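So this block is my_file_5.txt, compact mmCIF, C-alpha atoms:
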# COMPACT_ATOMS: atom_id res chain seq x y z
CA MET A 346 6.16 -2.60 -14.27
CA LYS A 347 2.80 -2.82 -12.55
CA SER A 348 1.76 -6.12 -11.10
CA THR A 349 -1.51 -7.54 -12.35
CA LYS A 350 -3.69 -6.80 -9.33
CA LEU A 351 -3.63 -3.03 -9.95
CA ALA A 352 -3.25 -3.11 -13.72
CA ASP A 353 -6.32 -5.33 -14.02
CA GLN A 354 -8.65 -2.88 -12.30
CA ALA A 355 -11.29 -1.29 -14.52
CA ASN A 356 -11.01 2.49 -14.76
CA SER A 357 -13.63 4.98 -13.65
CA GLN A 358 -14.89 5.58 -17.19
CA GLU A 359 -15.72 1.90 -17.56
CA LEU A 360 -17.55 1.77 -14.23
CA ARG A 361 -19.14 5.22 -14.07
CA VAL A 362 -22.92 5.39 -13.83
CA LEU A 363 -25.15 8.36 -14.40
CA LEU A 364 -28.01 8.84 -11.95
CA ARG A 365 -30.56 10.90 -13.82
CA GLU A 366 -32.90 12.78 -11.50
CA ARG A 367 -34.88 15.73 -12.73
CA ARG A 368 -35.38 18.68 -10.40
CA ASP A 369 -39.10 18.98 -11.02
CA SER A 370 -40.23 15.36 -11.11
CA GLY A 371 -39.00 11.80 -10.81
CA ARG A 372 -36.75 12.17 -7.78
CA LEU A 373 -35.92 9.42 -5.35
CA GLU A 374 -36.93 9.75 -1.73
CA SER A 375 -33.96 11.00 0.34
CA SER A 376 -33.14 7.81 2.29
CA ARG A 377 -33.56 5.61 -0.83
CA ARG A 378 -31.26 7.85 -2.82
CA HIS A 379 -28.66 7.85 -0.06
CA GLU A 380 -28.79 4.06 0.21
CA LEU A 381 -28.39 3.72 -3.56
CA LEU A 382 -25.48 6.19 -3.74
CA ALA A 383 -23.66 4.55 -0.82
CA GLN A 384 -24.10 1.06 -2.24
CA LEU A 385 -22.96 2.09 -5.71
CA LEU A 386 -19.84 3.75 -4.31
CA GLU A 387 -19.06 0.84 -2.03
CA ALA A 388 -19.42 -1.50 -5.02
CA GLY A 389 -16.76 0.61 -6.75
CA HIS A 390 -18.91 2.63 -9.18
CA PRO A 391 -18.27 6.33 -9.65
CA VAL A 392 -21.64 8.09 -9.82
CA GLU A 393 -22.60 11.31 -11.48
CA ARG A 394 -25.94 12.69 -10.32
CA ARG A 395 -27.40 15.00 -12.95
CA SER A 396 -30.71 16.58 -13.67
CA SER A 397 -29.96 16.72 -17.37
CA ASP A 398 -28.25 14.57 -19.94
CA CYS A 399 -24.51 14.20 -19.97
CA ALA A 400 -22.37 13.79 -23.05
CA ARG A 401 -19.63 11.92 -21.20
CA PRO A 402 -19.58 8.15 -21.54
CA ALA A 403 -21.05 6.01 -18.79
CA MET A 404 -21.43 2.32 -18.07
CA ALA A 405 -25.15 2.78 -17.57
CA VAL A 406 -27.78 5.46 -17.09
CA LEU A 407 -29.94 4.97 -14.01
CA GLN A 408 -33.21 6.69 -14.81
CA VAL A 409 -35.53 7.61 -11.95
CA GLY A 410 -38.43 9.27 -13.80
CA ASP A 411 -40.38 8.07 -16.84
CA ASP A 412 -38.62 10.34 -19.33
CA GLU A 413 -38.01 9.29 -22.89
CA GLU A 414 -34.77 7.42 -23.34
CA VAL A 415 -31.88 9.32 -24.88
CA VAL A 416 -30.31 6.62 -26.99
CA THR A 417 -26.57 6.43 -26.48
CA PRO A 418 -24.99 3.45 -28.24
CA GLY A 419 -23.43 1.03 -25.77
CA THR A 420 -24.96 2.67 -22.71
CA PRO A 421 -27.84 0.72 -21.20
CA TRP A 422 -30.71 2.68 -19.74
CA ILE A 423 -31.94 1.14 -16.47
CA ARG A 424 -35.23 2.34 -15.03
CA ILE A 425 -34.75 2.13 -11.27
CA ALA A 426 -37.95 3.62 -9.84
CA ALA A 427 -39.25 0.19 -8.77
CA MET A 428 -35.88 -1.32 -7.90
CA THR A 429 -34.10 -1.62 -4.55
CA ALA A 430 -30.49 -0.47 -4.19
CA GLU A 431 -29.38 -4.12 -4.04
CA GLN A 432 -31.18 -4.88 -7.32
CA VAL A 433 -29.48 -1.95 -9.04
CA VAL A 434 -26.06 -3.04 -7.79
CA THR A 435 -26.74 -6.64 -8.91
CA ASN A 436 -27.76 -5.38 -12.37
CA LEU A 437 -24.47 -3.51 -12.65
CA ALA A 438 -22.50 -6.54 -11.46
CA ASP A 439 -24.10 -8.55 -14.29
CA LEU A 440 -23.16 -5.81 -16.72
CA ARG A 441 -19.55 -5.86 -15.47
CA SER A 442 -19.50 -9.61 -15.90
CA GLN A 443 -20.84 -9.38 -19.48
CA ARG A 444 -18.13 -6.84 -20.30
CA GLU A 445 -15.49 -8.96 -18.54
CA LEU A 446 -14.54 -6.10 -16.22
CA SER A 447 -12.81 -7.01 -12.97
CA ASP A 448 -14.69 -6.45 -9.73
CA PRO A 449 -13.59 -3.18 -8.13
CA GLY A 450 -12.15 -3.05 -4.64
CA GLN A 451 -9.93 -6.11 -4.96
CA TRP A 452 -6.90 -4.09 -3.94
CA THR A 453 -6.67 -1.90 -0.83
CA PRO A 454 -5.17 1.36 -2.08
CA TRP A 455 -2.41 1.65 0.52
CA PHE A 456 0.78 3.17 -0.85
CA PRO A 457 3.12 6.10 -0.22
CA VAL A 458 2.56 9.49 -1.81
CA ILE A 459 5.51 11.87 -2.01
CA ASP A 460 5.13 15.54 -1.07
CA PHE A 461 7.63 17.02 -3.52
CA GLY A 462 7.34 20.35 -1.74
CA LEU A 463 9.33 18.75 1.09
CA CYS A 464 11.25 15.91 -0.57
CA THR A 465 15.01 16.50 -0.99
CA ASN A 466 15.54 13.38 -3.14
CA CYS A 467 17.81 11.83 -0.50
CA MET A 468 16.69 8.32 -1.58
CA GLN A 469 16.48 7.02 2.00
CA CYS A 470 13.01 5.64 1.23
CA LEU A 471 14.30 3.80 -1.83
CA SER A 472 17.19 2.31 0.15
CA PHE A 473 14.92 1.36 3.04
CA CYS A 474 11.95 -0.26 1.29
CA LEU A 475 12.36 -4.01 0.88
CA PHE A 476 9.46 -4.36 -1.54
CA ASP A 477 10.62 -2.36 -4.54
CA VAL A 478 7.88 0.24 -4.18
CA TYR A 479 10.22 3.12 -5.03
CA GLY A 480 12.30 3.84 -8.09
CA ALA A 481 13.84 6.80 -9.84
CA ASP A 482 12.78 8.41 -13.11
CA GLU A 483 15.13 9.12 -16.02
CA ASN A 484 16.29 12.31 -14.26
CA GLY A 485 17.16 10.49 -11.05
CA GLN A 486 14.10 11.82 -9.25
CA ILE A 487 12.59 9.53 -6.63
CA GLN A 488 9.12 8.26 -7.47
CA VAL A 489 6.63 5.63 -6.35
CA GLN A 490 6.67 3.06 -9.13
CA ASN A 491 4.99 -0.06 -7.75
CA GLU A 492 2.13 1.06 -5.53
CA ASP A 493 0.66 -2.41 -5.26
CA ASN A 494 3.92 -3.86 -3.90
CA CYS A 495 3.40 -1.82 -0.73
CA LYS A 496 2.45 -3.80 2.38
CA THR A 497 -0.97 -2.68 3.60
CA ASN A 498 -0.80 -0.71 6.86
CA CYS A 499 3.00 -0.46 6.77
CA PRO A 500 4.08 3.21 6.91
CA ALA A 501 7.71 2.37 7.79
CA CYS A 502 9.31 4.31 4.91
CA SER A 503 7.56 7.48 6.03
CA ARG A 504 9.25 7.07 9.41
CA VAL A 505 12.73 7.08 7.91
CA CYS A 506 12.04 10.13 5.75
CA PRO A 507 13.97 13.01 7.35
CA GLU A 508 11.69 15.62 5.77
CA VAL A 509 8.24 14.16 6.60
CA ALA A 510 7.72 14.10 2.84
CA ILE A 511 6.07 10.69 2.60
CA LEU A 512 2.31 10.50 3.09
CA PHE A 513 0.01 7.58 3.46
CA PRO A 514 -3.42 9.17 2.93
CA LYS A 515 -5.16 6.26 4.64
CA TYR A 516 -2.96 6.37 7.74
CA GLY A 517 -4.61 7.30 11.03
CA LYS A 518 -2.40 10.04 12.40
CA GLY A 519 -0.72 13.20 11.19
CA PRO A 520 1.44 14.28 9.59
CA ILE A 521 1.78 10.93 7.79
CA ASN A 522 -1.93 11.09 6.85
CA GLY A 523 -1.39 14.36 5.00
CA ASP A 524 -2.16 16.70 7.87
CA VAL A 525 -0.14 19.90 8.02
CA VAL A 526 3.53 19.36 8.93
CA ARG A 527 4.30 21.28 12.10
CA LYS A 528 7.66 22.53 13.36
CA GLU A 529 7.77 19.84 16.07
CA ASP A 530 7.25 17.12 13.43
CA ILE A 531 10.36 18.32 11.58
CA GLN A 532 12.33 18.39 14.85
CA LYS A 533 11.21 14.85 15.62
CA GLU A 534 12.39 13.70 12.19
CA SER A 535 15.75 15.46 12.64
CA MET A 536 16.30 13.37 15.77
CA LYS A 537 16.05 10.22 13.69
CA VAL A 538 18.74 11.44 11.32
CA ASP A 539 21.01 12.53 14.17
CA ILE A 540 20.74 9.23 15.99
CA SER A 541 24.45 8.59 15.51
CA ALA A 542 25.21 11.91 17.17
CA LEU A 543 22.94 10.97 20.04
CA LEU A 544 24.93 7.77 20.49
CA GLY A 545 28.16 9.72 20.90
CA GLY A 546 29.03 10.98 17.46
CA ASP A 547 30.36 7.75 16.00
CA ILE A 548 27.77 5.01 15.76
CA TYR A 549 30.40 2.33 15.06
CA SER A 550 32.54 3.12 18.13
CA SER A 551 29.33 3.23 20.18
CA LEU A 552 28.42 -0.21 18.94
CA ARG A 553 31.93 -1.48 19.78
CA ASP A 554 31.57 -0.06 23.32
CA ARG A 555 28.26 -1.84 23.68
CA SER A 556 29.86 -5.04 22.47
CA ASP A 557 32.67 -4.75 25.08
CA THR A 558 30.12 -4.20 27.82
CA ALA A 559 28.18 -7.24 26.65
CA ARG A 560 31.34 -9.36 26.62
CA LYS A 561 32.10 -8.43 30.26
CA ARG A 562 28.57 -9.28 31.23
CA PHE A 563 28.85 -12.77 29.69
CA SER A 564 32.29 -13.51 31.19
CA THR A 565 30.74 -15.01 34.31
CA GLU A 566 28.52 -17.34 32.34
CA ARG A 567 29.23 -21.00 31.66
CA ASP A 568 31.71 -21.94 28.99
CA GLU A 569 29.04 -23.62 26.87
CA SER A 570 27.24 -20.31 26.56
CA LYS A 571 30.44 -18.61 25.55
CA ALA A 572 31.10 -21.34 23.01
CA LEU A 573 27.64 -20.95 21.56
CA LEU A 574 28.10 -17.20 21.29
CA GLU A 575 31.49 -17.72 19.69
CA ARG A 576 29.98 -20.12 17.18
CA LYS A 577 27.25 -17.64 16.33
CA ARG A 578 29.88 -14.96 15.87
CA CYS A 579 31.91 -17.23 13.57
CA LEU A 580 28.83 -18.07 11.51
CA LYS A 581 28.02 -14.38 11.20
CA GLU A 582 31.58 -13.66 10.05
CA LEU A 583 31.37 -16.50 7.54
CA LYS A 584 28.12 -15.14 6.20
CA GLU A 585 29.51 -11.65 5.87
CA SER A 586 32.99 -12.41 4.55
CA LEU A 587 32.09 -15.26 2.22
CA ASP A 588 28.56 -14.17 1.39
CA ILE A 589 27.16 -17.54 2.44
CA PRO A 590 23.37 -17.53 2.13
CA ASP A 591 21.23 -18.07 5.21
CA GLU A 592 19.79 -21.32 3.89
CA VAL A 593 23.29 -22.78 3.65
CA LEU A 594 24.17 -21.64 7.16
CA MET A 595 20.95 -23.20 8.41
CA THR A 596 22.07 -26.61 7.11
CA LEU A 597 25.40 -26.52 8.92
CA PRO A 598 25.58 -29.29 11.57
CA SER A 599 25.46 -28.54 15.27
CA ALA A 600 28.53 -28.90 17.50
CA GLY A 601 27.16 -32.20 18.87
CA GLU A 602 26.63 -33.58 15.40
CA ILE A 603 30.16 -32.59 14.47
CA GLU A 604 31.56 -34.37 17.57
CA GLU A 605 29.57 -37.54 16.77
CA ARG A 606 30.76 -37.50 13.17
CA THR A 607 34.35 -37.06 14.40
CA ARG A 608 33.99 -39.96 16.84
CA ARG A 609 32.58 -42.25 14.13
CA ALA A 610 35.32 -41.21 11.71
CA LYS A 611 38.01 -41.94 14.33
CA GLU A 612 36.54 -45.41 15.00
CA LYS A 613 36.41 -46.18 11.30
CA ALA A 614 40.00 -45.05 10.82
CA GLU A 615 41.09 -47.14 13.83
CA ARG A 616 39.39 -50.23 12.39
CA ARG A 617 41.00 -49.66 9.02
CA ARG A 618 44.42 -49.13 10.61
CA ALA A 619 43.97 -52.29 12.70
CA ALA A 620 43.01 -54.34 9.64
CA SER A 621 46.01 -53.06 7.73
CA GLN A 622 48.25 -53.92 10.63
CA THR A 623 46.94 -57.50 10.72
CA ILE A 624 47.66 -57.98 7.04
CA ALA A 625 51.12 -56.53 7.48
CA ASP A 626 51.79 -58.82 10.42
CA GLN A 627 50.67 -61.87 8.42
CA GLU A 628 52.92 -60.84 5.57
CA ALA A 629 55.80 -60.36 7.93
CA SER A 630 55.37 -63.74 9.57
CA ARG A 631 55.45 -65.55 6.29
CA PRO A 632 58.97 -66.95 5.36
CA ALA A 633 60.73 -65.23 2.54
CA PRO A 634 60.46 -67.10 -0.81
CA SER A 635 63.49 -68.97 -2.07
CA PRO A 636 65.09 -68.00 -5.41
CA GLU A 637 63.46 -71.08 -6.90
CA GLU A 638 60.06 -69.90 -5.70
CA TRP A 639 60.70 -66.59 -7.47
CA ASP A 640 61.72 -68.61 -10.52
CA ILE A 641 64.82 -66.55 -10.94
CA MET B 396 -25.58 24.69 -4.30
CA SER B 397 -23.43 27.80 -4.32
CA GLY B 398 -22.45 28.88 -7.80
CA ASP B 399 -22.23 26.36 -10.57
CA LYS B 400 -18.87 24.97 -9.60
CA ARG B 401 -18.32 21.34 -10.31
CA LEU B 402 -18.33 19.23 -7.14
CA LEU B 403 -16.39 16.01 -6.61
CA TYR B 404 -16.99 13.86 -3.53
CA CYS B 405 -14.64 11.01 -2.49
CA HIS B 406 -16.29 8.21 -0.50
CA CYS B 407 -12.95 6.70 0.69
CA ALA B 408 -14.68 3.36 0.21
CA TYR B 409 -11.69 1.09 0.84
CA ALA B 410 -10.64 2.35 4.28
CA LYS B 411 -12.25 3.55 7.48
CA VAL B 412 -10.30 6.72 8.00
CA VAL B 413 -13.01 9.24 7.13
CA PRO B 414 -15.63 9.27 9.91
CA ALA B 415 -18.57 7.24 8.56
CA ARG B 416 -21.10 9.64 10.02
CA VAL B 417 -19.55 12.64 8.27
CA LYS B 418 -19.36 11.03 4.85
CA HIS B 419 -22.85 9.53 5.00
CA GLU B 420 -24.49 12.73 6.25
CA LEU B 421 -22.75 14.75 3.61
CA LEU B 422 -23.59 12.28 0.85
CA GLU B 423 -27.24 12.44 1.88
CA GLN B 424 -27.16 16.23 1.84
CA LEU B 425 -25.52 16.26 -1.57
CA GLY B 426 -28.28 13.98 -2.87
CA ASP B 427 -30.97 16.16 -1.31
CA SER B 428 -29.50 19.32 -2.81
CA ASP B 429 -30.68 20.63 -6.13
CA GLY B 430 -27.28 20.53 -7.77
CA ASP B 431 -25.34 18.10 -9.89
CA PHE B 432 -22.34 16.37 -8.38
CA GLU B 433 -19.88 13.58 -9.00
CA ALA B 434 -18.96 10.94 -6.43
CA VAL B 435 -16.03 8.54 -6.71
CA PRO B 436 -15.37 5.45 -4.57
CA ASP B 437 -11.75 6.29 -3.75
CA LEU B 438 -9.37 8.96 -5.04
CA CYS B 439 -6.33 7.03 -3.75
CA GLU B 440 -7.23 4.06 -5.91
CA MET B 441 -7.76 6.33 -8.93
CA SER B 442 -4.37 7.96 -8.35
CA ALA B 443 -2.55 4.61 -8.09
CA ARG B 444 -4.24 3.48 -11.31
CA LYS B 445 -3.48 6.83 -13.03
CA ASP B 446 -7.16 7.00 -13.90
CA PRO B 447 -7.75 9.21 -16.96
CA ALA B 448 -10.67 10.92 -15.19
CA LEU B 449 -8.17 12.70 -12.92
CA ALA B 450 -6.87 14.69 -15.89
CA ASP B 451 -10.39 15.93 -16.52
CA TYR B 452 -10.83 17.03 -12.89
CA ALA B 453 -7.40 18.66 -12.75
CA GLY B 454 -8.23 20.67 -15.84
CA ASP B 455 -11.10 22.45 -14.11
CA PRO B 456 -10.06 25.39 -11.88
CA GLU B 457 -13.70 25.77 -10.82
CA LEU B 458 -13.61 22.36 -9.15
CA ARG B 459 -14.45 21.74 -5.50
CA ILE B 460 -13.26 18.48 -3.94
CA VAL B 461 -14.62 16.99 -0.72
CA ALA B 462 -12.20 14.31 0.46
CA CYS B 463 -9.48 14.30 3.15
CA TYR B 464 -6.39 16.38 3.92
CA PRO B 465 -5.64 18.90 1.15
CA ARG B 466 -1.93 17.99 1.15
CA SER B 467 -2.84 14.36 0.42
CA VAL B 468 -5.31 15.25 -2.32
CA ARG B 469 -2.90 17.60 -4.14
CA TRP B 470 -0.04 15.09 -4.10
CA LEU B 471 -2.34 12.21 -5.09
CA PHE B 472 -3.17 14.17 -8.26
CA HIS B 473 0.51 14.94 -8.75
CA ALA B 474 1.37 11.23 -8.36
CA ALA B 475 -1.06 10.49 -11.17
CA GLY B 476 0.66 13.06 -13.37
CA HIS B 477 -1.75 15.99 -12.94
CA GLU B 478 -1.34 19.21 -10.99
CA LEU B 479 -4.46 20.58 -9.35
CA PRO B 480 -4.88 24.30 -10.04
CA GLN B 481 -4.37 26.45 -6.95
CA GLU B 482 -7.95 27.75 -7.30
CA VAL B 483 -9.44 24.32 -6.66
CA GLU B 484 -11.27 24.26 -3.32
CA LEU B 485 -10.37 21.35 -1.06
CA HIS B 486 -12.63 20.33 1.82
CA ASN B 487 -11.58 17.83 4.47
CA MET B 488 -14.05 15.28 5.84
CA ARG B 489 -11.49 14.03 8.38
CA GLU B 490 -11.43 17.35 10.21
CA SER B 491 -14.80 19.01 9.55
CA SER B 492 -18.34 18.02 10.46
CA ALA B 493 -21.01 17.39 7.84
CA ALA B 494 -22.79 20.59 8.92
CA GLU B 495 -19.62 22.66 8.49
CA LEU B 496 -18.99 21.14 5.08
CA SER B 497 -22.59 21.56 4.00
CA GLN B 498 -22.42 25.23 4.89
CA ALA B 499 -19.05 25.70 3.19
CA LEU B 500 -20.41 24.09 0.02
CA GLY B 501 -23.67 26.04 0.17
CA LEU B 502 -25.77 22.91 -0.11
CA MET B 503 -29.46 23.70 -0.19
CA THR B 504 -32.23 21.19 -0.25
CA ASP B 505 -35.38 21.74 -2.30
CA ARG B 506 -37.25 22.47 0.91
CA GLU B 507 -34.72 25.10 2.01
CA SER B 508 -34.69 26.76 -1.39
CA GLY B 509 -38.52 26.83 -1.49
CA ALA B 510 -38.75 24.58 -4.55

Once more with this new file: its structure as structure tokens, please.
Amino acid sequence: MKSTKLADQANSQELRVLLRERRDSGRLESSRRHELLAQLLEAGHPVERRSSDCARPAMAVLQVGDDEEVVTPGTPWIRIAAMTAEQVVTNLADLRSQRELSDPGQWTPWFPVIDFGLCTNCMQCLSFCLFDVYGADENGQIQVQNEDNCKTNCPACSRVCPEVAILFPKYGKGPINGDVVRKEDIQKESMKVDISALLGGDIYSSLRDRSDTARKRFSTERDESKALLERKRCLKELKESLDIPDEVLMTLPSAGEIEERTRRAKEKAERRRAASQTIADQEASRPAPSPEEWDI
Amino acid sequence: MSGDKRLLYCHCAYAKVVPARVKHELLEQLGDSDGDFEAVPDLCEMSARKDPALADYAGDPELRIVACYPRSVRWLFHAAGHELPQEVELHNMRESSAAELSQALGLMTDRESGA
């Protein structure tokens, strides 16, 4: 399901404006026209420049010359010959407001685009993305389902794609930006996939070797450091084996706090034991009751 | 403008990846030309929104698109559920100069055409 920020955007038909300039008369001066076109586009309005009428619906007709109006129900006709570009854009903003259309450009269109000519449907992108951008269709085919969940300027999923099949059209460099995929790009991607081979064929044994090396390195360090490392290791094992959430682990007391609690508990127990002993001693020192006292 | 092919220009309004000089020079030349054209703020945004206008563009094999890398443009249309016909001309403002694009599109101003 789309989140609201993208779903709320007005579509191009709702925002499209027609700039009506005749070839023979009523044309804007070049720099004025360019300023108007640039400002309209940057305000999010598609523009169609035509020298004749257009049957397709538009939000407004911007008329340069003094031609007769062609009445199209629901399409305002704005004579712009005496208006600045800013005034035209303001007029359209008012029109958007009247029609309760959202302001365009609220969302930066940054999202992955899949090149299905290269994609092998390996699903690495789906497994990798933390933000639920990817999904699969009813046939199990990978697809981008939540474009607006994508984190702007993050092209990380394209880096894990072994086929260079993920594009970000607004990325700076190729081939991620859609530039042609070259042989060396494919080779570079293959290296990512074969990283376990590069580490000696078995990534897990390589990691174990690294761990042994690290252990030797720490053996000369102080015991406290070793204890801290051991504690971290135990916490990690707890988290993994018992599926304890991070927030719970974060609330676990420190070793010092545990020692203090233990000391206080020992003192309390000692006091209790001492009090019990006193009562027992008092009881013991008291003479035993006679049979009369027991009323037997 | 060469022929009567429909021309679609993408302003890539929401990012700074298309050189500003190229897109502004070309936009000015399009305006100065004697032909009709359509300009959209951002094809990426239209693709993400599955804008119905993309179906109309994809249905026209005579279309010429001036935007960015052809691979991106084709798959953006695909992502929106529309295949661009192979005949559609794709011009790249990230790699070509405004002069090269103007020539490729056959843009002619009124002055150049003697109007």

Selected residue of minimal separation from Gly519 (chain A) among B:Ser492, B:Ser442, B:Ser467, B:Gln481, counting only C-alpha atoms: B:Ser467

Interatomic distance (Å, one decimal) between CA of Ala481 (chain A) and CA of Phe461 (chain A): 13.5 Å

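Minimum distance to Val458 (chain A) across A:Gln488, A:Gln384, A:Thr420, A:Gln432 (counting all atoms listed in the file) occurs at A:Gln488.
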
Which residues of chain B sit at most 8 Å from chain A, using all atoms listed in the file? Give each one's shortest atom pair and distance in Å (one decimal place), in chain and ascending residue order, as a Markdown table.
| residue | atom | partner | partner_atom | distance |
| --- | --- | --- | --- | --- |
| B:His406 | CA | A:Leu386 | CA | 6.9 |
| B:Ala408 | CA | A:Glu387 | CA | 5.5 |
| B:Tyr409 | CA | A:Thr453 | CA | 6.1 |
| B:Ala410 | CA | A:Lys515 | CA | 6.7 |
| B:Val412 | CA | A:Lys515 | CA | 6.2 |
| B:His419 | CA | A:Ala383 | CA | 7.7 |
| B:Leu422 | CA | A:His379 | CA | 6.8 |
| B:Glu423 | CA | A:His379 | CA | 5.2 |
| B:Gly426 | CA | A:His379 | CA | 6.8 |
| B:Asp427 | CA | A:Ser375 | CA | 6.2 |
| B:Asp429 | CA | A:Arg368 | CA | 6.6 |
| B:Gly430 | CA | A:Arg395 | CA | 7.6 |
| B:Asp431 | CA | A:Arg395 | CA | 4.8 |
| B:Phe432 | CA | A:Arg394 | CA | 5.5 |
| B:Glu433 | CA | A:Glu393 | CA | 4.3 |
| B:Ala434 | CA | A:Val392 | CA | 5.2 |
| B:Val435 | CA | A:Pro391 | CA | 4.3 |
| B:Pro436 | CA | A:Leu386 | CA | 4.8 |
| B:Cys439 | CA | A:Pro454 | CA | 6.0 |
| B:Glu440 | CA | A:Pro454 | CA | 5.1 |
| B:Met441 | CA | A:Ser357 | CA | 7.7 |
| B:Ala443 | CA | A:Glu492 | CA | 6.4 |
| B:Arg444 | CA | A:Leu351 | CA | 6.7 |
| B:Asp446 | CA | A:Asn356 | CA | 6.0 |
| B:Pro447 | CA | A:Asn356 | CA | 7.8 |
| B:Ala448 | CA | A:Ser357 | CA | 6.8 |
| B:Cys463 | CA | A:Pro514 | CA | 7.9 |
| B:Tyr464 | CA | A:Gly523 | CA | 5.5 |
| B:Pro465 | CA | A:Gly523 | CA | 7.3 |
| B:Arg466 | CA | A:Gly523 | CA | 5.3 |
| B:Ser467 | CA | A:Gly523 | CA | 4.8 |
| B:Trp470 | CA | A:Asp460 | CA | 6.0 |
| B:Leu471 | CA | A:Val458 | CA | 6.5 |
| B:Ala474 | CA | A:Val458 | CA | 6.9 |

Between CA of Asp530 (chain A) and CA of Asp482 (chain A), distance in Å (one decimal): 28.5 Å

Shell around Leu485 (chain B) at 9 Å using only C-alpha atoms, local window under 3 positions removed, as a ChimeraX atom specification: /B:458-465,468-469

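One finds CA of Asp455 (chain B) at 9.2 Å from CA of Glu482 (chain B).
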